[in-house]
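Raw contents of work_2.txt, compact mmCIF, N, CA, C and O atoms:
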```
# COMPACT_ATOMS: atom_id res chain seq x y z
N MET H 1 -33.12 111.45 79.22
CA MET H 1 -34.45 111.56 78.67
C MET H 1 -34.41 112.61 77.56
O MET H 1 -33.90 113.69 77.73
N GLY H 2 -34.97 112.27 76.39
CA GLY H 2 -35.05 113.19 75.28
C GLY H 2 -36.10 114.25 75.52
O GLY H 2 -36.96 114.11 76.39
N PHE H 3 -36.04 115.29 74.73
CA PHE H 3 -36.92 116.44 74.92
C PHE H 3 -38.40 116.04 74.89
O PHE H 3 -39.18 116.47 75.71
N PHE H 4 -38.80 115.19 73.95
CA PHE H 4 -40.20 114.84 73.83
C PHE H 4 -40.57 113.56 74.56
O PHE H 4 -41.72 113.13 74.51
N ASP H 5 -39.63 112.92 75.27
CA ASP H 5 -39.97 111.72 76.03
C ASP H 5 -41.08 112.01 77.03
O ASP H 5 -41.92 111.16 77.29
N ARG H 6 -41.09 113.20 77.58
CA ARG H 6 -42.14 113.54 78.54
C ARG H 6 -43.51 113.62 77.88
O ARG H 6 -44.52 113.65 78.55
N PHE H 7 -43.57 113.63 76.54
CA PHE H 7 -44.85 113.68 75.84
C PHE H 7 -45.36 112.31 75.43
O PHE H 7 -46.45 112.20 74.91
N ARG H 8 -44.59 111.27 75.60
CA ARG H 8 -44.99 109.95 75.15
C ARG H 8 -46.30 109.51 75.83
O ARG H 8 -47.11 108.87 75.23
N ASN H 9 -46.49 109.90 77.06
CA ASN H 9 -47.78 109.73 77.73
C ASN H 9 -48.46 111.09 77.66
O ASN H 9 -47.84 112.08 77.98
N PRO H 10 -49.71 111.11 77.23
CA PRO H 10 -50.37 112.42 77.09
C PRO H 10 -50.26 113.26 78.36
O PRO H 10 -50.50 112.79 79.45
N ALA H 11 -49.87 114.49 78.18
CA ALA H 11 -49.70 115.41 79.30
C ALA H 11 -50.83 116.43 79.28
O ALA H 11 -51.39 116.73 78.24
N THR H 12 -51.13 116.97 80.43
CA THR H 12 -52.16 117.99 80.49
C THR H 12 -51.58 119.35 80.85
O THR H 12 -52.29 120.33 80.90
N THR H 13 -50.27 119.40 81.11
CA THR H 13 -49.66 120.67 81.47
C THR H 13 -48.67 121.09 80.39
O THR H 13 -48.18 120.27 79.62
N LEU H 14 -48.38 122.36 80.36
CA LEU H 14 -47.39 122.88 79.41
C LEU H 14 -46.00 122.48 79.87
O LEU H 14 -45.75 122.28 81.05
N VAL H 15 -45.09 122.41 78.92
CA VAL H 15 -43.70 122.05 79.19
C VAL H 15 -42.83 123.25 78.85
O VAL H 15 -43.05 123.92 77.85
N GLN H 16 -41.84 123.51 79.67
CA GLN H 16 -40.99 124.67 79.42
C GLN H 16 -40.21 124.53 78.14
O GLN H 16 -39.77 123.45 77.76
N SER H 17 -40.03 125.65 77.49
CA SER H 17 -39.27 125.72 76.26
C SER H 17 -37.80 125.41 76.52
O SER H 17 -37.24 125.86 77.51
N PRO H 18 -37.13 124.63 75.63
CA PRO H 18 -35.72 124.33 75.84
C PRO H 18 -34.80 125.53 75.64
O PRO H 18 -33.74 125.61 76.23
N VAL H 19 -35.19 126.47 74.79
CA VAL H 19 -34.36 127.64 74.51
C VAL H 19 -34.66 128.77 75.49
O VAL H 19 -33.78 129.45 75.95
N SER H 20 -35.93 128.93 75.81
CA SER H 20 -36.35 129.99 76.71
C SER H 20 -37.05 129.37 77.91
O SER H 20 -38.28 129.30 77.94
N PRO H 21 -36.30 128.88 78.89
CA PRO H 21 -36.93 128.15 79.98
C PRO H 21 -37.90 128.96 80.81
O PRO H 21 -38.66 128.41 81.58
N ASP H 22 -37.91 130.27 80.64
CA ASP H 22 -38.87 131.09 81.38
C ASP H 22 -40.24 131.10 80.71
O ASP H 22 -41.21 131.58 81.27
N LEU H 23 -40.34 130.55 79.50
CA LEU H 23 -41.61 130.51 78.78
C LEU H 23 -42.17 129.10 78.77
O LEU H 23 -41.45 128.15 78.48
N ASP H 24 -43.45 128.96 79.08
CA ASP H 24 -44.12 127.68 78.89
C ASP H 24 -44.52 127.65 77.42
O ASP H 24 -45.49 128.29 77.03
N ALA H 25 -43.78 126.91 76.59
CA ALA H 25 -43.95 127.08 75.16
C ALA H 25 -44.39 125.83 74.40
O ALA H 25 -44.93 125.97 73.33
N VAL H 26 -44.15 124.64 74.89
CA VAL H 26 -44.40 123.45 74.09
C VAL H 26 -45.42 122.57 74.79
O VAL H 26 -45.30 122.31 75.97
N THR H 27 -46.40 122.10 74.02
CA THR H 27 -47.41 121.23 74.60
C THR H 27 -47.97 120.31 73.54
O THR H 27 -48.12 120.70 72.39
N PRO H 28 -48.26 119.07 73.90
CA PRO H 28 -48.96 118.19 72.95
C PRO H 28 -50.41 118.64 72.87
O PRO H 28 -51.02 118.98 73.89
N VAL H 29 -50.98 118.66 71.67
CA VAL H 29 -52.35 119.15 71.54
C VAL H 29 -53.31 118.12 70.98
O VAL H 29 -54.51 118.27 71.16
N ALA H 30 -52.82 117.09 70.30
CA ALA H 30 -53.75 116.11 69.72
C ALA H 30 -53.02 114.85 69.32
O ALA H 30 -51.82 114.87 69.04
N THR H 31 -53.76 113.77 69.28
CA THR H 31 -53.27 112.53 68.69
C THR H 31 -53.99 112.37 67.37
O THR H 31 -55.22 112.41 67.32
N LEU H 32 -53.23 112.23 66.31
CA LEU H 32 -53.78 112.14 64.97
C LEU H 32 -53.60 110.73 64.44
O LEU H 32 -52.76 109.98 64.94
N GLU H 33 -54.32 110.40 63.39
CA GLU H 33 -54.08 109.14 62.72
C GLU H 33 -52.70 109.23 62.07
O GLU H 33 -52.44 110.14 61.28
N GLY H 34 -51.80 108.37 62.45
CA GLY H 34 -50.46 108.38 61.90
C GLY H 34 -49.47 109.25 62.66
O GLY H 34 -48.33 109.39 62.25
N GLY H 35 -49.85 109.84 63.77
CA GLY H 35 -48.92 110.67 64.52
C GLY H 35 -49.61 111.54 65.55
O GLY H 35 -50.81 111.46 65.74
N ARG H 36 -48.81 112.38 66.17
CA ARG H 36 -49.32 113.31 67.17
C ARG H 36 -49.06 114.73 66.71
O ARG H 36 -48.20 114.97 65.88
N ARG H 37 -49.77 115.65 67.31
CA ARG H 37 -49.58 117.06 67.00
C ARG H 37 -49.07 117.75 68.27
O ARG H 37 -49.61 117.57 69.34
N TYR H 38 -48.00 118.53 68.10
CA TYR H 38 -47.41 119.28 69.19
C TYR H 38 -47.46 120.76 68.84
O TYR H 38 -47.35 121.12 67.68
N GLN H 39 -47.58 121.59 69.83
CA GLN H 39 -47.63 123.04 69.60
C GLN H 39 -46.42 123.69 70.25
O GLN H 39 -46.09 123.41 71.40
N LEU H 40 -45.77 124.56 69.49
CA LEU H 40 -44.62 125.32 69.96
C LEU H 40 -45.00 126.80 69.89
O LEU H 40 -45.22 127.34 68.81
N ASN H 41 -45.08 127.44 71.03
CA ASN H 41 -45.45 128.85 71.10
C ASN H 41 -44.19 129.69 71.26
O ASN H 41 -43.57 129.68 72.32
N THR H 42 -43.84 130.41 70.21
CA THR H 42 -42.66 131.27 70.27
C THR H 42 -43.04 132.74 70.12
O THR H 42 -42.19 133.57 69.81
N VAL H 43 -44.30 133.05 70.35
CA VAL H 43 -44.77 134.43 70.26
C VAL H 43 -43.99 135.28 71.27
O VAL H 43 -43.83 134.90 72.43
N GLY H 44 -43.48 136.40 70.80
CA GLY H 44 -42.70 137.29 71.65
C GLY H 44 -41.20 137.07 71.54
O GLY H 44 -40.42 137.89 72.04
N GLN H 45 -40.79 136.02 70.87
CA GLN H 45 -39.36 135.77 70.70
C GLN H 45 -38.89 136.38 69.39
O GLN H 45 -39.59 136.34 68.38
N VAL H 46 -37.70 136.94 69.41
CA VAL H 46 -37.13 137.53 68.20
C VAL H 46 -36.37 136.46 67.43
O VAL H 46 -35.95 135.45 67.98
N CYS H 47 -36.23 136.69 66.14
CA CYS H 47 -35.47 135.77 65.30
C CYS H 47 -34.01 135.79 65.73
O CYS H 47 -33.52 136.84 66.15
N PRO H 48 -33.37 134.67 65.73
CA PRO H 48 -33.74 133.41 65.09
C PRO H 48 -34.38 132.39 66.04
O PRO H 48 -34.49 131.22 65.69
N PHE H 49 -34.81 132.78 67.22
CA PHE H 49 -35.25 131.80 68.21
C PHE H 49 -36.46 130.97 67.81
O PHE H 49 -36.49 129.78 68.14
N PRO H 50 -37.46 131.48 67.09
CA PRO H 50 -38.52 130.57 66.64
C PRO H 50 -37.99 129.42 65.79
O PRO H 50 -38.38 128.27 65.96
N LEU H 51 -37.06 129.73 64.90
CA LEU H 51 -36.46 128.69 64.06
C LEU H 51 -35.58 127.76 64.88
O LEU H 51 -35.63 126.53 64.70
N VAL H 52 -34.78 128.29 65.78
CA VAL H 52 -33.92 127.46 66.62
C VAL H 52 -34.76 126.47 67.43
O VAL H 52 -34.45 125.28 67.49
N GLU H 53 -35.83 126.95 68.04
CA GLU H 53 -36.69 126.07 68.83
C GLU H 53 -37.38 125.04 67.96
O GLU H 53 -37.51 123.88 68.35
N ALA H 54 -37.83 125.43 66.78
CA ALA H 54 -38.48 124.48 65.87
C ALA H 54 -37.52 123.37 65.47
O ALA H 54 -37.90 122.19 65.46
N LYS H 55 -36.28 123.71 65.17
CA LYS H 55 -35.29 122.70 64.80
C LYS H 55 -35.04 121.73 65.95
O LYS H 55 -34.94 120.52 65.73
N GLN H 56 -34.94 122.24 67.16
CA GLN H 56 -34.72 121.37 68.32
C GLN H 56 -35.93 120.48 68.56
O GLN H 56 -35.78 119.29 68.85
N ALA H 57 -37.10 121.04 68.47
CA ALA H 57 -38.31 120.28 68.77
C ALA H 57 -38.55 119.17 67.75
O ALA H 57 -38.86 118.04 68.13
N ILE H 58 -38.40 119.47 66.47
CA ILE H 58 -38.76 118.47 65.45
C ILE H 58 -37.79 117.29 65.44
O ILE H 58 -38.16 116.19 65.05
N LYS H 59 -36.57 117.50 65.91
CA LYS H 59 -35.61 116.39 65.99
C LYS H 59 -36.14 115.26 66.86
O LYS H 59 -35.81 114.10 66.65
N GLN H 60 -36.92 115.60 67.86
CA GLN H 60 -37.41 114.62 68.82
C GLN H 60 -38.74 113.98 68.41
O GLN H 60 -39.19 113.06 69.07
N LEU H 61 -39.36 114.46 67.34
CA LEU H 61 -40.64 113.92 66.90
C LEU H 61 -40.46 112.63 66.13
O LEU H 61 -39.40 112.38 65.56
N GLU H 62 -41.50 111.86 66.09
CA GLU H 62 -41.54 110.64 65.28
C GLU H 62 -42.05 111.00 63.88
O GLU H 62 -42.80 111.97 63.72
N PRO H 63 -41.66 110.22 62.85
CA PRO H 63 -42.21 110.47 61.52
C PRO H 63 -43.75 110.45 61.55
O PRO H 63 -44.35 109.60 62.20
N GLY H 64 -44.34 111.41 60.89
CA GLY H 64 -45.79 111.55 60.87
C GLY H 64 -46.31 112.55 61.88
O GLY H 64 -47.43 113.05 61.75
N ASP H 65 -45.52 112.86 62.92
CA ASP H 65 -45.92 113.86 63.90
C ASP H 65 -45.90 115.24 63.28
O ASP H 65 -45.13 115.51 62.35
N GLN H 66 -46.72 116.13 63.81
CA GLN H 66 -46.80 117.50 63.32
C GLN H 66 -46.40 118.47 64.43
O GLN H 66 -46.72 118.26 65.59
N LEU H 67 -45.71 119.52 64.03
CA LEU H 67 -45.32 120.59 64.94
C LEU H 67 -46.00 121.88 64.48
O LEU H 67 -45.75 122.35 63.37
N VAL H 68 -46.89 122.41 65.32
CA VAL H 68 -47.58 123.67 65.03
C VAL H 68 -46.79 124.77 65.73
O VAL H 68 -46.64 124.75 66.95
N ILE H 69 -46.25 125.70 64.96
CA ILE H 69 -45.39 126.75 65.49
C ILE H 69 -46.14 128.08 65.40
O ILE H 69 -46.51 128.51 64.30
N ASP H 70 -46.37 128.70 66.54
CA ASP H 70 -46.98 130.02 66.59
C ASP H 70 -45.87 131.04 66.79
O ASP H 70 -45.04 130.86 67.68
N PHE H 71 -45.86 132.10 65.98
CA PHE H 71 -44.77 133.08 66.07
C PHE H 71 -45.25 134.45 65.62
O PHE H 71 -46.27 134.57 64.94
N ASP H 72 -44.47 135.47 66.00
CA ASP H 72 -44.78 136.83 65.56
C ASP H 72 -43.54 137.56 65.05
O ASP H 72 -43.54 138.77 64.95
N CYS H 73 -42.54 136.83 64.71
CA CYS H 73 -41.30 137.38 64.15
C CYS H 73 -41.42 137.34 62.62
O CYS H 73 -41.53 136.27 62.04
N THR H 74 -41.42 138.51 61.98
CA THR H 74 -41.65 138.55 60.53
C THR H 74 -40.58 137.80 59.74
O THR H 74 -40.87 137.24 58.70
N GLN H 75 -39.34 137.77 60.24
CA GLN H 75 -38.29 137.04 59.54
C GLN H 75 -38.58 135.54 59.48
O GLN H 75 -38.20 134.86 58.54
N ALA H 76 -39.28 135.03 60.48
CA ALA H 76 -39.60 133.61 60.52
C ALA H 76 -40.61 133.21 59.44
O ALA H 76 -40.71 132.03 59.10
N THR H 77 -41.34 134.19 58.88
CA THR H 77 -42.26 133.86 57.79
C THR H 77 -41.50 133.35 56.58
O THR H 77 -42.07 132.64 55.75
N ASP H 78 -40.22 133.70 56.47
CA ASP H 78 -39.36 133.17 55.41
C ASP H 78 -38.49 132.02 55.90
O ASP H 78 -38.37 130.99 55.24
N SER H 79 -37.88 132.20 57.08
CA SER H 79 -36.88 131.22 57.52
C SER H 79 -37.47 129.86 57.87
O SER H 79 -36.88 128.83 57.55
N ILE H 80 -38.64 129.82 58.50
CA ILE H 80 -39.22 128.52 58.87
C ILE H 80 -39.66 127.72 57.65
O ILE H 80 -39.30 126.55 57.52
N PRO H 81 -40.41 128.31 56.70
CA PRO H 81 -40.77 127.52 55.51
C PRO H 81 -39.56 127.07 54.69
O PRO H 81 -39.54 125.96 54.18
N HIS H 82 -38.54 127.94 54.59
CA HIS H 82 -37.34 127.55 53.84
C HIS H 82 -36.61 126.40 54.53
O HIS H 82 -36.16 125.46 53.86
N TRP H 83 -36.49 126.46 55.84
CA TRP H 83 -35.86 125.36 56.58
C TRP H 83 -36.65 124.07 56.39
O TRP H 83 -36.06 123.01 56.14
N ALA H 84 -37.98 124.15 56.51
CA ALA H 84 -38.81 122.94 56.37
C ALA H 84 -38.63 122.32 54.99
O ALA H 84 -38.45 121.10 54.87
N ALA H 85 -38.64 123.14 53.95
CA ALA H 85 -38.46 122.62 52.59
C ALA H 85 -37.09 122.00 52.41
O ALA H 85 -36.96 120.91 51.84
N ALA H 86 -36.05 122.66 52.90
CA ALA H 86 -34.69 122.14 52.77
C ALA H 86 -34.51 120.83 53.54
O ALA H 86 -33.75 119.96 53.11
N ALA H 87 -35.22 120.69 54.66
CA ALA H 87 -35.11 119.48 55.47
C ALA H 87 -36.05 118.36 55.00
O ALA H 87 -35.99 117.25 55.51
N GLY H 88 -36.91 118.66 54.03
CA GLY H 88 -37.84 117.66 53.52
C GLY H 88 -39.06 117.46 54.39
O GLY H 88 -39.70 116.41 54.34
N TYR H 89 -39.42 118.46 55.19
CA TYR H 89 -40.60 118.41 56.05
C TYR H 89 -41.74 119.15 55.36
O TYR H 89 -41.64 120.35 55.12
N PRO H 90 -42.84 118.47 55.07
CA PRO H 90 -43.95 119.16 54.43
C PRO H 90 -44.58 120.21 55.35
O PRO H 90 -44.73 119.97 56.55
N VAL H 91 -44.94 121.34 54.77
CA VAL H 91 -45.70 122.36 55.49
C VAL H 91 -47.17 122.08 55.15
O VAL H 91 -47.57 122.16 53.99
N THR H 92 -47.95 121.73 56.17
CA THR H 92 -49.35 121.36 55.93
C THR H 92 -50.31 122.52 56.19
O THR H 92 -51.47 122.45 55.79
N ASN H 93 -49.83 123.58 56.82
CA ASN H 93 -50.65 124.76 57.05
C ASN H 93 -49.72 125.94 57.31
O ASN H 93 -48.71 125.80 57.99
N PHE H 94 -50.07 127.10 56.77
CA PHE H 94 -49.31 128.32 57.01
C PHE H 94 -50.27 129.48 56.84
O PHE H 94 -50.81 129.69 55.75
N GLU H 95 -50.54 130.19 57.92
CA GLU H 95 -51.50 131.28 57.81
C GLU H 95 -51.19 132.40 58.79
O GLU H 95 -50.59 132.18 59.84
N GLN H 96 -51.62 133.59 58.41
CA GLN H 96 -51.52 134.74 59.29
C GLN H 96 -52.75 134.72 60.19
O GLN H 96 -53.87 134.58 59.72
N VAL H 97 -52.54 134.84 61.51
CA VAL H 97 -53.64 134.73 62.46
C VAL H 97 -53.91 136.03 63.20
O VAL H 97 -54.76 136.07 64.07
N GLY H 98 -53.18 137.06 62.88
CA GLY H 98 -53.36 138.37 63.50
C GLY H 98 -52.63 139.39 62.67
O GLY H 98 -52.07 139.08 61.62
N ASP H 99 -52.61 140.63 63.15
CA ASP H 99 -51.91 141.68 62.42
C ASP H 99 -50.44 141.34 62.19
O ASP H 99 -49.88 141.63 61.15
N ALA H 100 -49.82 140.75 63.18
CA ALA H 100 -48.40 140.40 63.07
C ALA H 100 -48.13 139.07 63.76
O ALA H 100 -47.16 138.90 64.47
N SER H 101 -49.00 138.09 63.53
CA SER H 101 -48.84 136.75 64.10
C SER H 101 -49.15 135.71 63.03
O SER H 101 -50.05 135.91 62.21
N TRP H 102 -48.41 134.60 63.09
CA TRP H 102 -48.59 133.54 62.11
C TRP H 102 -48.57 132.20 62.83
O TRP H 102 -48.08 132.07 63.94
N THR H 103 -49.07 131.20 62.12
CA THR H 103 -48.95 129.83 62.56
C THR H 103 -48.55 128.99 61.35
O THR H 103 -49.04 129.23 60.23
N ILE H 104 -47.67 128.05 61.57
CA ILE H 104 -47.23 127.16 60.52
C ILE H 104 -47.19 125.75 61.10
O ILE H 104 -46.79 125.56 62.25
N THR H 105 -47.66 124.79 60.33
CA THR H 105 -47.62 123.39 60.75
C THR H 105 -46.64 122.65 59.86
O THR H 105 -46.79 122.66 58.63
N VAL H 106 -45.67 122.02 60.48
CA VAL H 106 -44.63 121.28 59.78
C VAL H 106 -44.75 119.81 60.20
O VAL H 106 -44.85 119.51 61.39
N GLN H 107 -44.74 118.92 59.23
CA GLN H 107 -44.83 117.50 59.53
C GLN H 107 -43.48 116.84 59.36
O GLN H 107 -42.80 117.06 58.35
N LYS H 108 -43.11 116.03 60.35
CA LYS H 108 -41.84 115.31 60.23
C LYS H 108 -42.05 114.14 59.29
O LYS H 108 -42.95 113.33 59.48
N ALA H 109 -41.26 114.11 58.23
CA ALA H 109 -41.39 113.06 57.22
C ALA H 109 -40.58 111.84 57.60
O ALA H 109 -39.69 111.88 58.40
```

Once you've parsed the file, please lay out its structure as structure tokens.
Amino acid sequence: MGFFDRFRNPATTLVQSPVSPDLDAVTPVATLEGGRRYQLNTVGQVCPFPLVEAKQAIKQLEPGDQLVIDFDCTQATDSIPHWAAAAGYPVTNFEQVGDASWTITVQKA
């Protein structure tokens, strides 16, 4: 079973993170026209783990799906957008949501 196979049917519970199994980090949050939206919570993780988890998670998404990544690692403010651009994944939202917290939405093309 692939990482996101458990999301093919809408789930109501959080799913453990593949990199940090002690954290409940990934959950589907919405069904959109043309895809689904998934949330990856990496708050509290040091770099490079937010990027590592994002790379693993997006591999399992379908084209058109969105991955919302919440993080508080300042290095990820550069590494995640650069990775998304290099991989050809559009960034549809990127904002600071706290003193040292950000959210970025990456769409699988």

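The interatomic distance for the pair atom N of Pro48 in chain H and atom N of Ala86 in chain H works out to 17.8 Å.
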
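Note that atom N of Gly98 in chain H and atom O of Glu53 in chain H are 21.2 Å apart.
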
Just need the box for range 76-87 of chain H, edges along x, y and z, holding every atom the file lists for it with 6 Å tacked onto each side, so centre and edge lengths in Å to one decimal, as lines of an AutoDock Vina configuration file.
```
center_x = -38.0
center_y = 126.1
center_z = 56.2
size_x = 20.5
size_y = 29.8
size_z = 20.7
```

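Across the structure, atom O of Leu67 in chain H and atom O of Tyr38 in chain H are spaced 4.8 Å apart.
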
Val46 in chain H surroundings by only N, CA, C and O atoms, 8 Å radius, close-in-sequence under 4 positions cut, as an mmCIF file with N, CA, C and O atoms, keeping the file's coordinate frame:
```cif
data_model
loop_
_atom_site.group_PDB
_atom_site.id
_atom_site.type_symbol
_atom_site.label_atom_id
_atom_site.label_comp_id
_atom_site.auth_asym_id
_atom_site.auth_seq_id
_atom_site.Cartn_x
_atom_site.Cartn_y
_atom_site.Cartn_z
ATOM 1 N N THR H 42 -43.840 130.410 70.210
ATOM 2 C CA THR H 42 -42.660 131.270 70.270
ATOM 3 C C THR H 42 -43.040 132.740 70.120
ATOM 4 O O THR H 42 -42.190 133.570 69.810
ATOM 5 N N PRO H 50 -37.460 131.480 67.090
ATOM 6 C CA PRO H 50 -38.520 130.570 66.640
ATOM 7 C C PRO H 50 -37.990 129.420 65.790
ATOM 8 O O PRO H 50 -38.380 128.270 65.960
ATOM 9 N N LEU H 51 -37.060 129.730 64.900
ATOM 10 C CA LEU H 51 -36.460 128.690 64.060
ATOM 11 C C LEU H 51 -35.580 127.760 64.880
ATOM 12 O O LEU H 51 -35.630 126.530 64.700
ATOM 13 N N VAL H 52 -34.780 128.290 65.780
ATOM 14 C CA VAL H 52 -33.920 127.460 66.620
ATOM 15 C C VAL H 52 -34.760 126.470 67.430
ATOM 16 O O VAL H 52 -34.450 125.280 67.490
ATOM 17 N N ASP H 72 -44.470 135.470 66.000
ATOM 18 C CA ASP H 72 -44.780 136.830 65.560
ATOM 19 C C ASP H 72 -43.540 137.560 65.050
ATOM 20 O O ASP H 72 -43.540 138.770 64.950
ATOM 21 N N CYS H 73 -42.540 136.830 64.710
ATOM 22 C CA CYS H 73 -41.300 137.380 64.150
ATOM 23 C C CYS H 73 -41.420 137.340 62.620
ATOM 24 O O CYS H 73 -41.530 136.270 62.040
ATOM 25 N N THR H 74 -41.420 138.510 61.980
ATOM 26 C CA THR H 74 -41.650 138.550 60.530
ATOM 27 C C THR H 74 -40.580 137.800 59.740
ATOM 28 O O THR H 74 -40.870 137.240 58.700
ATOM 29 N N GLN H 75 -39.340 137.770 60.240
ATOM 30 C CA GLN H 75 -38.290 137.040 59.540
ATOM 31 C C GLN H 75 -38.580 135.540 59.480
ATOM 32 O O GLN H 75 -38.200 134.860 58.540
ATOM 33 N N ALA H 76 -39.280 135.030 60.480
ATOM 34 C CA ALA H 76 -39.600 133.610 60.520
ATOM 35 C C ALA H 76 -40.610 133.210 59.440
ATOM 36 O O ALA H 76 -40.710 132.030 59.100
#
```

Q: Just the residues within 8 Å of Pro81 in chain H, please, counting all atoms listed in the file, with nothing from its chain fewer than 6 positions along; format it as a ChimeraX atom specification.
A: /H:75,87-91,104

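Nearest residue to Ile69 in chain H among H:Asp99, H:Val29, H:Asn93, H:Arg36 is H:Asn93, counting all atoms listed in the file.
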
How would range 60-67 of chain H read, as a PDB file, in the frame of the given file, once all heavy atoms are built in?
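Everything below was put into result_27.pdb:
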```
ATOM      1  N   GLN H  60     -36.920 115.600  67.860  1.00  0.00           N
ATOM      2  CA  GLN H  60     -37.410 114.620  68.820  1.00  0.00           C
ATOM      3  C   GLN H  60     -38.740 113.980  68.410  1.00  0.00           C
ATOM      4  O   GLN H  60     -39.190 113.060  69.070  1.00  0.00           O
ATOM      5  CB  GLN H  60     -37.551 115.257  70.196  1.00  0.00           C
ATOM      6  CG  GLN H  60     -36.275 115.887  70.715  1.00  0.00           C
ATOM      7  CD  GLN H  60     -35.134 114.890  70.813  1.00  0.00           C
ATOM      8  OE1 GLN H  60     -35.332 113.773  71.253  1.00  0.00           O
ATOM      9  NE2 GLN H  60     -33.957 115.296  70.380  1.00  0.00           N
ATOM     10  N   LEU H  61     -39.360 114.460  67.340  1.00  0.00           N
ATOM     11  CA  LEU H  61     -40.640 113.920  66.900  1.00  0.00           C
ATOM     12  C   LEU H  61     -40.460 112.630  66.130  1.00  0.00           C
ATOM     13  O   LEU H  61     -39.400 112.380  65.560  1.00  0.00           O
ATOM     14  CB  LEU H  61     -41.372 114.932  66.024  1.00  0.00           C
ATOM     15  CG  LEU H  61     -41.762 116.261  66.651  1.00  0.00           C
ATOM     16  CD1 LEU H  61     -42.459 117.136  65.618  1.00  0.00           C
ATOM     17  CD2 LEU H  61     -42.632 116.065  67.862  1.00  0.00           C
ATOM     18  N   GLU H  62     -41.500 111.860  66.090  1.00  0.00           N
ATOM     19  CA  GLU H  62     -41.540 110.640  65.280  1.00  0.00           C
ATOM     20  C   GLU H  62     -42.050 111.000  63.880  1.00  0.00           C
ATOM     21  O   GLU H  62     -42.800 111.970  63.720  1.00  0.00           O
ATOM     22  CB  GLU H  62     -42.491 109.629  65.919  1.00  0.00           C
ATOM     23  CG  GLU H  62     -42.084 109.188  67.313  1.00  0.00           C
ATOM     24  CD  GLU H  62     -40.797 108.386  67.326  1.00  0.00           C
ATOM     25  OE1 GLU H  62     -40.545 107.642  66.354  1.00  0.00           O
ATOM     26  OE2 GLU H  62     -40.039 108.514  68.310  1.00  0.00           O
ATOM     27  N   PRO H  63     -41.660 110.220  62.850  1.00  0.00           N
ATOM     28  CA  PRO H  63     -42.210 110.470  61.520  1.00  0.00           C
ATOM     29  C   PRO H  63     -43.750 110.450  61.550  1.00  0.00           C
ATOM     30  O   PRO H  63     -44.350 109.600  62.200  1.00  0.00           O
ATOM     31  CB  PRO H  63     -41.654 109.316  60.686  1.00  0.00           C
ATOM     32  CG  PRO H  63     -40.372 108.965  61.387  1.00  0.00           C
ATOM     33  CD  PRO H  63     -40.665 109.149  62.854  1.00  0.00           C
ATOM     34  N   GLY H  64     -44.340 111.410  60.890  1.00  0.00           N
ATOM     35  CA  GLY H  64     -45.790 111.550  60.870  1.00  0.00           C
ATOM     36  C   GLY H  64     -46.310 112.550  61.880  1.00  0.00           C
ATOM     37  O   GLY H  64     -47.430 113.050  61.750  1.00  0.00           O
ATOM     38  N   ASP H  65     -45.520 112.860  62.920  1.00  0.00           N
ATOM     39  CA  ASP H  65     -45.920 113.860  63.900  1.00  0.00           C
ATOM     40  C   ASP H  65     -45.900 115.240  63.280  1.00  0.00           C
ATOM     41  O   ASP H  65     -45.130 115.510  62.350  1.00  0.00           O
ATOM     42  CB  ASP H  65     -44.991 113.858  65.119  1.00  0.00           C
ATOM     43  CG  ASP H  65     -45.166 112.643  66.008  1.00  0.00           C
ATOM     44  OD1 ASP H  65     -46.134 111.878  65.819  1.00  0.00           O
ATOM     45  OD2 ASP H  65     -44.319 112.452  66.906  1.00  0.00           O
ATOM     46  N   GLN H  66     -46.720 116.130  63.810  1.00  0.00           N
ATOM     47  CA  GLN H  66     -46.800 117.500  63.320  1.00  0.00           C
ATOM     48  C   GLN H  66     -46.400 118.470  64.430  1.00  0.00           C
ATOM     49  O   GLN H  66     -46.720 118.260  65.590  1.00  0.00           O
ATOM     50  CB  GLN H  66     -48.212 117.839  62.868  1.00  0.00           C
ATOM     51  CG  GLN H  66     -48.670 117.039  61.687  1.00  0.00           C
ATOM     52  CD  GLN H  66     -50.075 117.418  61.252  1.00  0.00           C
ATOM     53  OE1 GLN H  66     -50.724 118.263  61.846  1.00  0.00           O
ATOM     54  NE2 GLN H  66     -50.538 116.782  60.195  1.00  0.00           N
ATOM     55  N   LEU H  67     -45.710 119.520  64.030  1.00  0.00           N
ATOM     56  CA  LEU H  67     -45.320 120.590  64.940  1.00  0.00           C
ATOM     57  C   LEU H  67     -46.000 121.880  64.480  1.00  0.00           C
ATOM     58  O   LEU H  67     -45.750 122.350  63.370  1.00  0.00           O
ATOM     59  CB  LEU H  67     -43.806 120.767  64.960  1.00  0.00           C
ATOM     60  CG  LEU H  67     -43.255 121.805  65.923  1.00  0.00           C
ATOM     61  CD1 LEU H  67     -43.572 121.420  67.372  1.00  0.00           C
ATOM     62  CD2 LEU H  67     -41.748 121.959  65.730  1.00  0.00           C
TER      63      LEU H  67
END
```
